[in-house]
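Enquirer: Got a structure here, written out as structure tokens. Questions coming.
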Protein chains: 2
Amino acid sequence: MTDVARLAGVSQKTVSRVINNAPNVSAEVRDRVIAAVEALGYRRNSAARALVTQRTHVIGIVTPGTALYGPSAQLFGVERAAWQAGYSVVIVSTADSSGEELRRAIDRVVDHGVDGVVLAAPITAEGLASNVFRGVPTISVGDPVTGDFGCPAVIADQQSGGLQATEHMLSLGHHTVWHVAGPVSWYAANARIEGWREALHRAGAPVHGPLVGDWTARAGYQAGLELAERPDVTAVFAANDQMATGLMRAFKEKGRQIPEDVSIVGFDDAPDSGYLMVPLTTVRQDFTAITHRAVTELVHAIAGEEFNRGVTRIPVDLVIRASSGPAPTPTSVG
Amino acid sequence: MTDVARLAGVSQKTVSRVINNAPNVSAEVRDRVIAAVEALGYRRNSAARALVTQRTHVIGIVTPGTALYGPSAQLFGVERAAWQAGYSVVIVSTADSSGEELRRAIDRVVDHGVDGVVLAAPITAEGLASNVFRGVPTISVGDPVTGDFGCPAVIADQQSGGLQATEHMLSLGHHTVWHVAGPVSWYAANARIEGWREALHRAGAPVHGPLVGDWTARAGYQAGLELAERPDVTAVFAANDQMATGLMRAFKEKGRQIPEDVSIVGFDDAPDSGYLMVPLTTVRQDFTAITHRAVTELVHAIAGEEFNRGVTRIPVDLVIRASSGPAPTPTSVG
DNA sequence: GAAGCACTTGACTACGCAGTCATCACGATG
DNA sequence: CATCGTGATGACTGCGTAGTCAAGTGCTTC
């Protein structure tokens, strides 16, 4: 910057003003400075800028380090929204769902000097304890944690999704709906279980399980092999599309047709789900809306402005495709 | 740090020594400093450190901003490898494959002050021109670009993958193999085309197409509808698993059984591919190995050490599953 | 014509850290 | 006993930027 100033015949401070679009710089000086900047290929030093402004213009995202569709979509959504808001994004992935691992991840991200943090990995109050509130604004896009160590959250209405998926199949005449859940360390898994359970209760349908998987197609497949043993299983709600994929494979392997013999509903509406050999009925989460909203709130918090400190729920939509159909044998259902 | 020094009764410089594990600090002073650090909850300021050391310990990754499996896997692989090497990762996504967009992305990442860059988006010499060689070490994990504006690359042996996939189906007695390629702006798409073409040439098989998709299941589905019109199509190689998924759906919709009537082979070995209703034969890329190797080379380059300036090719493996089988009508094949 | 005002510009400084070099204490060596 | 070497420590400085405040310029106003 000093070099630029010398070439343009002005002070370093004036160059700074031009770079930052500060007011009160004459057009002629501005042009001279810009010319000098281009001649020298000058780029400002973000570290020096951060040092003096106390702002890095970077937000951190803590994600589970897997290529699952949901977390990936959140990650890219956050990146896009952050960029629109003038922020860059650093990623820190967690190896597991433990509080210790979460603390380590948050430590890393805070050490890096981010202005704010988006949590896209499963979190617990224990994991958040004493770290987040070092003054770094934080928002969750997955788990809502309230209470002393809680933080704001923008999440899909998981419970409503579970409810809708289950009611959809009940309304097709299924006696009951089985559930293959995600890991219990995830709020999304628990909330979907709650929605599923509530739908069954409302309809007076029997509650079995749920079976618990790890979000992977493999886990869905294994759960499916188990469920296929029982002839009375005619409807299964999987907590995500990957597990639903594995489920469908398992039922097919056991000679049960979808949707003629068994109806399957997933969750997420991953890009492939409409193009599987049996297009999957699923619950769509609007990841773009969630992440955009979360980043907007976070940026407000960073700026010290008003923001929503509670939990914001974004509606989900049931997308009906071919994998769910009428129950094979009509039974008395409410 | 000055506060810590005051509390510990030492100079700021000594605190710096303790923080950085520098030699020549007595055990007693070290303990006192560590106690003071913990008492004050001191965390070092990364911006100040970066300013004086000229090292941010951050690497940037330029990725296409989509939740496609390949780019996601590369992203997470880079993050994990970078962390092991003591680096954080900032993401910048590109909106399209244009050289202009690539330049913008690289600009952003360089502006951020990264020590090195990993390119996981499609690149061209034109897009790299004049940016990368501002002295920021760069490595590609997708496209190899050689020549004046080229950069080192660590990539899967895409061409060999295309060759293996095609030869596999030819060896099953298929008269020829059709291909649904990725966007031509991607090296991976072109190299897979080359491998496919080479296999056909070697076998003296007729070459049709290829059809070109955009990596999505939807594109695969549309290509499949087109191919299903032709009764002579018995084997299709899709340039990724998503498109293969869509292909299978389209053939099924048109009443063609897989693999009895049509064989399908994909590319990537995405986590779900083994659990589709017809498990997919595919070419596995070892993203972990690729990204680990790339980050290792990049870190060497950052440290000013010896590193491989050329293109490193990582072998791929054909994973044979149920979606590929013998040709329906035996024909004379070499 | 003097006073006042808005606008433009620059000198100086602090941000928090690590590098350089000087200083000091202590033990070893001749 | 004088000299030297080695390890431990601190004072000072610079990294590149933006904030603060003062100074200079030109124009308006009465």
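Chain labels follow the order of the structure tokens: the first chain is A, the next B, and so on; residue numbering restarts at 1 in every chain, and ligands are counted from 1 in their shown order.
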Would you list the contacts of C:DC26 as a PyMOL selection string, taking every protein, DNA or RNA residue within 12 Å and counting only C-alpha atoms (C1' of nucleotides), but skipping same-chain residues closer than 4 positions in sequence?

Expert: chain D and resi 4-8

Enquirer: At a cut-off of 7 Å, can you tabulate as CSV every residue of chain C near chain A together with its closest atom pair and the distance in Å to one decimal, using only C-alpha atoms (C1' of nucleotides) and ordering rows by chain then number?

Expert:
residue,atom,partner,partner_atom,distance
C:DC7,C1',A:Asn24,CA,6.5
C:DT8,C1',A:Asn24,CA,6.2
C:DG10,C1',A:Ser11,CA,6.1
C:DC15,C1',A:Val52,CA,4.7

Enquirer: Using DSSP assignments from the backbone, pull out every residue in stretch 104-252 of chain B that falls under alpha helix (DSSP H) and give it to me as a PDB file with C-alpha atoms, in the first residue's frame.

Expert:
ATOM      1  CA  ARG B 104     -13.139 -14.474  -9.692  1.00  0.00           C
ATOM      2  CA  ALA B 105     -12.978 -17.458  -7.374  1.00  0.00           C
ATOM      3  CA  ILE B 106      -9.202 -17.529  -7.343  1.00  0.00           C
ATOM      4  CA  ASP B 107      -9.174 -13.806  -6.743  1.00  0.00           C
ATOM      5  CA  ARG B 108     -11.380 -14.251  -3.745  1.00  0.00           C
ATOM      6  CA  VAL B 109      -9.321 -17.011  -2.303  1.00  0.00           C
ATOM      7  CA  VAL B 110      -6.068 -15.153  -2.843  1.00  0.00           C
ATOM      8  CA  ASP B 111      -7.551 -11.983  -1.398  1.00  0.00           C
ATOM      9  CA  ALA B 125      -5.479 -22.367 -18.873  1.00  0.00           C
ATOM     10  CA  GLU B 126      -7.412 -19.242 -19.738  1.00  0.00           C
ATOM     11  CA  GLY B 127      -9.071 -19.215 -16.334  1.00  0.00           C
ATOM     12  CA  LEU B 128      -5.766 -19.708 -14.559  1.00  0.00           C
ATOM     13  CA  GLN B 158     -10.196 -41.114 -15.586  1.00  0.00           C
ATOM     14  CA  GLN B 159      -9.269 -42.439 -18.973  1.00  0.00           C
ATOM     15  CA  SER B 160      -8.336 -45.812 -17.596  1.00  0.00           C
ATOM     16  CA  GLY B 161     -11.663 -45.831 -15.769  1.00  0.00           C
ATOM     17  CA  GLY B 162     -13.570 -45.194 -18.965  1.00  0.00           C
ATOM     18  CA  LEU B 163     -11.555 -47.879 -20.669  1.00  0.00           C
ATOM     19  CA  GLN B 164     -12.163 -50.443 -17.937  1.00  0.00           C
ATOM     20  CA  ALA B 165     -15.872 -49.735 -17.760  1.00  0.00           C
ATOM     21  CA  THR B 166     -16.266 -50.106 -21.500  1.00  0.00           C
ATOM     22  CA  GLU B 167     -14.073 -53.184 -21.840  1.00  0.00           C
ATOM     23  CA  HIS B 168     -15.980 -54.799 -19.021  1.00  0.00           C
ATOM     24  CA  MET B 169     -19.219 -54.554 -20.948  1.00  0.00           C
ATOM     25  CA  LEU B 170     -17.635 -55.521 -24.247  1.00  0.00           C
ATOM     26  CA  SER B 171     -16.224 -58.605 -22.606  1.00  0.00           C
ATOM     27  CA  TYR B 187     -11.635 -32.748 -17.914  1.00  0.00           C
ATOM     28  CA  ALA B 188     -13.066 -35.795 -16.157  1.00  0.00           C
ATOM     29  CA  ALA B 189     -15.879 -35.905 -18.687  1.00  0.00           C
ATOM     30  CA  ASN B 190     -13.504 -35.727 -21.639  1.00  0.00           C
ATOM     31  CA  ALA B 191     -11.029 -38.233 -20.281  1.00  0.00           C
ATOM     32  CA  ARG B 192     -13.804 -40.739 -19.634  1.00  0.00           C
ATOM     33  CA  ILE B 193     -14.980 -40.219 -23.197  1.00  0.00           C
ATOM     34  CA  GLU B 194     -11.452 -40.887 -24.405  1.00  0.00           C
ATOM     35  CA  GLY B 195     -11.188 -44.098 -22.437  1.00  0.00           C
ATOM     36  CA  TRP B 196     -14.550 -45.256 -23.687  1.00  0.00           C
ATOM     37  CA  ARG B 197     -13.659 -44.444 -27.273  1.00  0.00           C
ATOM     38  CA  GLU B 198     -10.321 -46.176 -27.009  1.00  0.00           C
ATOM     39  CA  ALA B 199     -11.925 -49.369 -25.743  1.00  0.00           C
ATOM     40  CA  LEU B 200     -14.393 -49.333 -28.608  1.00  0.00           C
ATOM     41  CA  HIS B 201     -11.626 -48.752 -31.137  1.00  0.00           C
ATOM     42  CA  ARG B 202      -9.497 -51.532 -29.758  1.00  0.00           C
ATOM     43  CA  ALA B 203     -12.439 -53.884 -30.014  1.00  0.00           C
ATOM     44  CA  ALA B 217     -29.765 -37.933 -12.312  1.00  0.00           C
ATOM     45  CA  ARG B 218     -32.247 -35.889 -14.255  1.00  0.00           C
ATOM     46  CA  ALA B 219     -29.877 -35.618 -17.207  1.00  0.00           C
ATOM     47  CA  GLY B 220     -29.240 -39.345 -17.026  1.00  0.00           C
ATOM     48  CA  TYR B 221     -32.961 -39.955 -17.051  1.00  0.00           C
ATOM     49  CA  GLN B 222     -33.455 -37.836 -20.132  1.00  0.00           C
ATOM     50  CA  ALA B 223     -30.572 -39.489 -21.957  1.00  0.00           C
ATOM     51  CA  GLY B 224     -32.062 -42.828 -20.949  1.00  0.00           C
ATOM     52  CA  LEU B 225     -35.437 -42.001 -22.446  1.00  0.00           C
ATOM     53  CA  GLU B 226     -33.674 -41.244 -25.689  1.00  0.00           C
ATOM     54  CA  LEU B 227     -31.552 -44.391 -25.658  1.00  0.00           C
ATOM     55  CA  ALA B 228     -34.490 -46.573 -24.707  1.00  0.00           C
ATOM     56  CA  ASP B 241     -23.335 -42.655 -10.717  1.00  0.00           C
ATOM     57  CA  GLN B 242     -26.046 -40.013 -10.593  1.00  0.00           C
ATOM     58  CA  MET B 243     -26.547 -40.144 -14.318  1.00  0.00           C
ATOM     59  CA  ALA B 244     -26.426 -43.941 -14.177  1.00  0.00           C
ATOM     60  CA  THR B 245     -29.217 -43.781 -11.610  1.00  0.00           C
ATOM     61  CA  GLY B 246     -31.353 -41.705 -13.930  1.00  0.00           C
ATOM     62  CA  LEU B 247     -30.547 -44.015 -16.826  1.00  0.00           C
ATOM     63  CA  MET B 248     -31.721 -47.046 -14.926  1.00  0.00           C
ATOM     64  CA  ARG B 249     -34.951 -45.308 -14.076  1.00  0.00           C
ATOM     65  CA  ALA B 250     -35.571 -44.402 -17.704  1.00  0.00           C
ATOM     66  CA  PHE B 251     -34.909 -47.911 -18.990  1.00  0.00           C
ATOM     67  CA  LYS B 252     -37.138 -49.398 -16.348  1.00  0.00           C
TER      68      LYS B 252
END

Enquirer: Least-squares superposition of chain A on chain B, every Cα paired in order: what RMSD, in Å?

Expert: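 My reading of the C-alpha RMSD is 0.2 Å.
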
Enquirer: Which chain D residues are at most 10 Å from chain A (counting only C-alpha atoms (C1' of nucleotides)), as a list in words?

Expert: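 Listing them in order of chain and number gives DC15, DG16, DT17, DA18 and DG19 of chain D.
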
Enquirer: Enumerate as a PyMOL selection string all residues of stretch 62-152 of chain B assigned to strand (DSSP E or B) by DSSP on the backbone, naming them with the chain letters and numbers the document uses.

Expert: chain B and resi 62-64+88-94+116-119+138-140+145+151

Enquirer: How would the residues just picked look written out with N, CA and C atoms as a compact mmCIF listing (two decimals), in the first residue's frame?

Expert:
# COMPACT_ATOMS: atom_id res chain seq x y z
N VAL B 62 -11.31 -24.29 -4.25
CA VAL B 62 -12.27 -23.77 -5.22
C VAL B 62 -13.09 -24.96 -5.71
N THR B 63 -14.38 -24.96 -5.43
CA THR B 63 -15.21 -26.08 -5.83
C THR B 63 -16.45 -25.59 -6.56
N PRO B 64 -17.02 -26.46 -7.40
CA PRO B 64 -18.31 -26.10 -7.97
C PRO B 64 -19.30 -26.16 -6.82
N SER B 88 -6.18 -24.92 7.99
CA SER B 88 -7.62 -24.80 7.87
C SER B 88 -7.97 -24.62 6.40
N VAL B 89 -9.24 -24.72 6.10
CA VAL B 89 -9.68 -24.66 4.71
C VAL B 89 -10.79 -23.63 4.54
N VAL B 90 -10.62 -22.72 3.60
CA VAL B 90 -11.75 -21.85 3.24
C VAL B 90 -12.29 -22.30 1.90
N ILE B 91 -13.62 -22.27 1.79
CA ILE B 91 -14.27 -22.70 0.56
C ILE B 91 -14.62 -21.50 -0.29
N VAL B 92 -14.43 -21.62 -1.57
CA VAL B 92 -15.01 -20.68 -2.51
C VAL B 92 -15.66 -21.51 -3.60
N SER B 93 -16.92 -21.26 -3.86
CA SER B 93 -17.57 -22.05 -4.90
C SER B 93 -17.73 -21.22 -6.16
N THR B 94 -17.71 -21.91 -7.29
CA THR B 94 -17.90 -21.24 -8.57
C THR B 94 -19.33 -21.50 -9.03
N GLY B 116 -2.10 -21.50 0.17
CA GLY B 116 -2.11 -22.37 -1.00
C GLY B 116 -3.54 -22.60 -1.45
N VAL B 117 -3.68 -23.12 -2.65
CA VAL B 117 -5.02 -23.31 -3.21
C VAL B 117 -5.15 -24.71 -3.80
N VAL B 118 -6.29 -25.32 -3.51
CA VAL B 118 -6.64 -26.58 -4.17
C VAL B 118 -7.80 -26.28 -5.12
N LEU B 119 -7.63 -26.67 -6.37
CA LEU B 119 -8.68 -26.45 -7.35
C LEU B 119 -9.45 -27.74 -7.56
N THR B 138 -0.44 -23.72 -5.94
CA THR B 138 -1.76 -24.20 -6.35
C THR B 138 -1.65 -25.62 -6.86
N ILE B 139 -2.68 -26.41 -6.58
CA ILE B 139 -2.71 -27.77 -7.12
C ILE B 139 -4.14 -28.10 -7.48
N SER B 140 -4.28 -28.87 -8.53
CA SER B 140 -5.62 -29.25 -8.97
C SER B 140 -5.90 -30.70 -8.59
N VAL B 145 -4.00 -29.09 -15.99
CA VAL B 145 -3.72 -28.08 -17.01
C VAL B 145 -2.21 -27.90 -17.06
N CYS B 151 -0.78 -25.95 -13.71
CA CYS B 151 -0.40 -26.14 -12.32
C CYS B 151 -0.33 -27.64 -12.06

Enquirer: Between atom CA of B:His292 and atom CA of B:Ala153, what is the spacing in Å?

Expert: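 Spanning atom CA of B:Ala153 to atom CA of B:His292 is a straight-line distance of 12.3 Å.
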
Enquirer: Between B:Gln84, B:Ser273, B:Asn308, B:Ser98, single out the one closest to chain A, counting only C-alpha atoms.

Expert: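 Result for the nearest residue to chain A: B:Ser273.
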
Enquirer: Write out as a PyMOL selection string the residues lying within 12 Å of B:Val15, counting only C-alpha atoms (C1' of nucleotides) and excluding same-chain residues fewer than 4 positions away.

Expert: (chain B and resi 1-11+19-22+25-26+29-37+42-44) or (chain C and resi 17-18) or (chain D and resi 9-10)

Enquirer: Convert the current residue selection to file output with N, CA and C atoms (P, O5', C5', C4', C3', O3' and C1' of nucleotides), as a compact mmCIF listing (two decimals), in the first residue's frame.

Expert:
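Result file follows (result.txt):
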# COMPACT_ATOMS: atom_id res chain seq x y z
N MET B 1 -1.80 -10.97 25.05
CA MET B 1 -0.52 -11.59 25.35
C MET B 1 0.26 -10.74 26.35
N THR B 2 0.11 -9.44 26.18
CA THR B 2 0.75 -8.53 27.14
C THR B 2 0.13 -8.71 28.53
N ASP B 3 -1.16 -8.91 28.58
CA ASP B 3 -1.83 -9.14 29.85
C ASP B 3 -1.32 -10.43 30.51
N VAL B 4 -1.17 -11.44 29.69
CA VAL B 4 -0.67 -12.71 30.20
C VAL B 4 0.73 -12.50 30.77
N ALA B 5 1.55 -11.76 30.03
CA ALA B 5 2.92 -11.50 30.46
C ALA B 5 2.93 -10.80 31.82
N ARG B 6 2.06 -9.82 31.95
CA ARG B 6 2.00 -9.07 33.20
C ARG B 6 1.62 -10.00 34.35
N LEU B 7 0.59 -10.81 34.13
CA LEU B 7 0.14 -11.71 35.19
C LEU B 7 1.22 -12.72 35.56
N ALA B 8 1.95 -13.19 34.57
CA ALA B 8 2.98 -14.19 34.84
C ALA B 8 4.28 -13.55 35.30
N GLY B 9 4.35 -12.24 35.22
CA GLY B 9 5.55 -11.54 35.63
C GLY B 9 6.72 -11.75 34.69
N VAL B 10 6.41 -11.88 33.42
CA VAL B 10 7.49 -12.04 32.43
C VAL B 10 7.23 -11.06 31.29
N SER B 11 8.09 -11.10 30.29
CA SER B 11 7.89 -10.20 29.16
C SER B 11 6.93 -10.83 28.14
N ILE B 19 4.08 -19.99 24.05
CA ILE B 19 2.98 -20.33 23.15
C ILE B 19 3.49 -21.13 21.95
N ASN B 20 4.64 -20.75 21.45
CA ASN B 20 5.15 -21.39 20.25
C ASN B 20 6.11 -22.54 20.54
N ASN B 21 6.16 -22.96 21.79
CA ASN B 21 7.05 -24.05 22.16
C ASN B 21 8.49 -23.79 21.75
N ALA B 22 8.90 -22.57 21.88
CA ALA B 22 10.28 -22.24 21.53
C ALA B 22 11.21 -22.78 22.61
N VAL B 25 13.36 -21.89 27.42
CA VAL B 25 12.49 -21.30 28.43
C VAL B 25 12.53 -22.25 29.62
N SER B 26 12.77 -21.71 30.79
CA SER B 26 12.87 -22.58 31.96
C SER B 26 11.50 -23.16 32.29
N VAL B 29 9.24 -20.94 34.50
CA VAL B 29 8.60 -19.82 33.80
C VAL B 29 7.49 -20.33 32.90
N ARG B 30 7.78 -21.42 32.21
CA ARG B 30 6.79 -22.01 31.31
C ARG B 30 5.48 -22.31 32.05
N ASP B 31 5.61 -22.94 33.21
CA ASP B 31 4.42 -23.28 33.99
C ASP B 31 3.66 -22.02 34.40
N ARG B 32 4.40 -21.02 34.81
CA ARG B 32 3.76 -19.79 35.25
C ARG B 32 2.97 -19.16 34.10
N VAL B 33 3.59 -19.17 32.93
CA VAL B 33 2.94 -18.59 31.75
C VAL B 33 1.68 -19.38 31.38
N ILE B 34 1.83 -20.69 31.39
CA ILE B 34 0.67 -21.52 31.03
C ILE B 34 -0.48 -21.28 32.00
N ALA B 35 -0.14 -21.16 33.28
CA ALA B 35 -1.18 -20.89 34.28
C ALA B 35 -1.87 -19.56 33.98
N ALA B 36 -1.07 -18.57 33.63
CA ALA B 36 -1.64 -17.25 33.34
C ALA B 36 -2.52 -17.30 32.09
N VAL B 37 -2.07 -18.04 31.10
CA VAL B 37 -2.85 -18.19 29.87
C VAL B 37 -4.23 -18.75 30.21
N TYR B 42 -6.71 -16.77 27.56
CA TYR B 42 -6.05 -16.16 26.40
C TYR B 42 -6.09 -17.06 25.17
N ARG B 43 -6.38 -16.49 24.01
CA ARG B 43 -6.25 -17.20 22.74
C ARG B 43 -5.45 -16.30 21.82
N ARG B 44 -4.52 -16.88 21.13
CA ARG B 44 -3.68 -16.02 20.31
C ARG B 44 -4.48 -15.49 19.12
P DC C 17 -1.47 -11.81 20.67
O5' DC C 17 -0.14 -12.18 19.89
C5' DC C 17 -0.23 -12.89 18.66
C4' DC C 17 0.95 -12.54 17.80
C3' DC C 17 2.28 -13.13 18.26
O3' DC C 17 2.45 -14.39 17.59
C1' DC C 17 2.49 -10.88 17.41
P DA C 18 3.56 -15.40 18.07
O5' DA C 18 4.82 -14.88 17.25
C5' DA C 18 4.86 -15.10 15.85
C4' DA C 18 6.11 -14.46 15.27
C3' DA C 18 7.43 -15.12 15.68
O3' DA C 18 8.32 -14.99 14.60
C1' DA C 18 7.44 -12.88 16.38
P DT D 9 13.72 -18.01 31.96
O5' DT D 9 13.74 -16.55 31.37
C5' DT D 9 14.25 -15.49 32.16
C4' DT D 9 14.43 -14.25 31.33
C3' DT D 9 13.18 -13.68 30.69
O3' DT D 9 12.64 -12.70 31.57
C1' DT D 9 15.16 -13.39 29.38
P DG D 10 11.32 -11.89 31.16
O5' DG D 10 11.93 -10.61 30.43
C5' DG D 10 12.96 -9.87 31.08
C4' DG D 10 13.44 -8.75 30.17
C3' DG D 10 12.32 -7.90 29.56
O3' DG D 10 12.73 -6.53 29.56
C1' DG D 10 13.65 -8.79 27.83
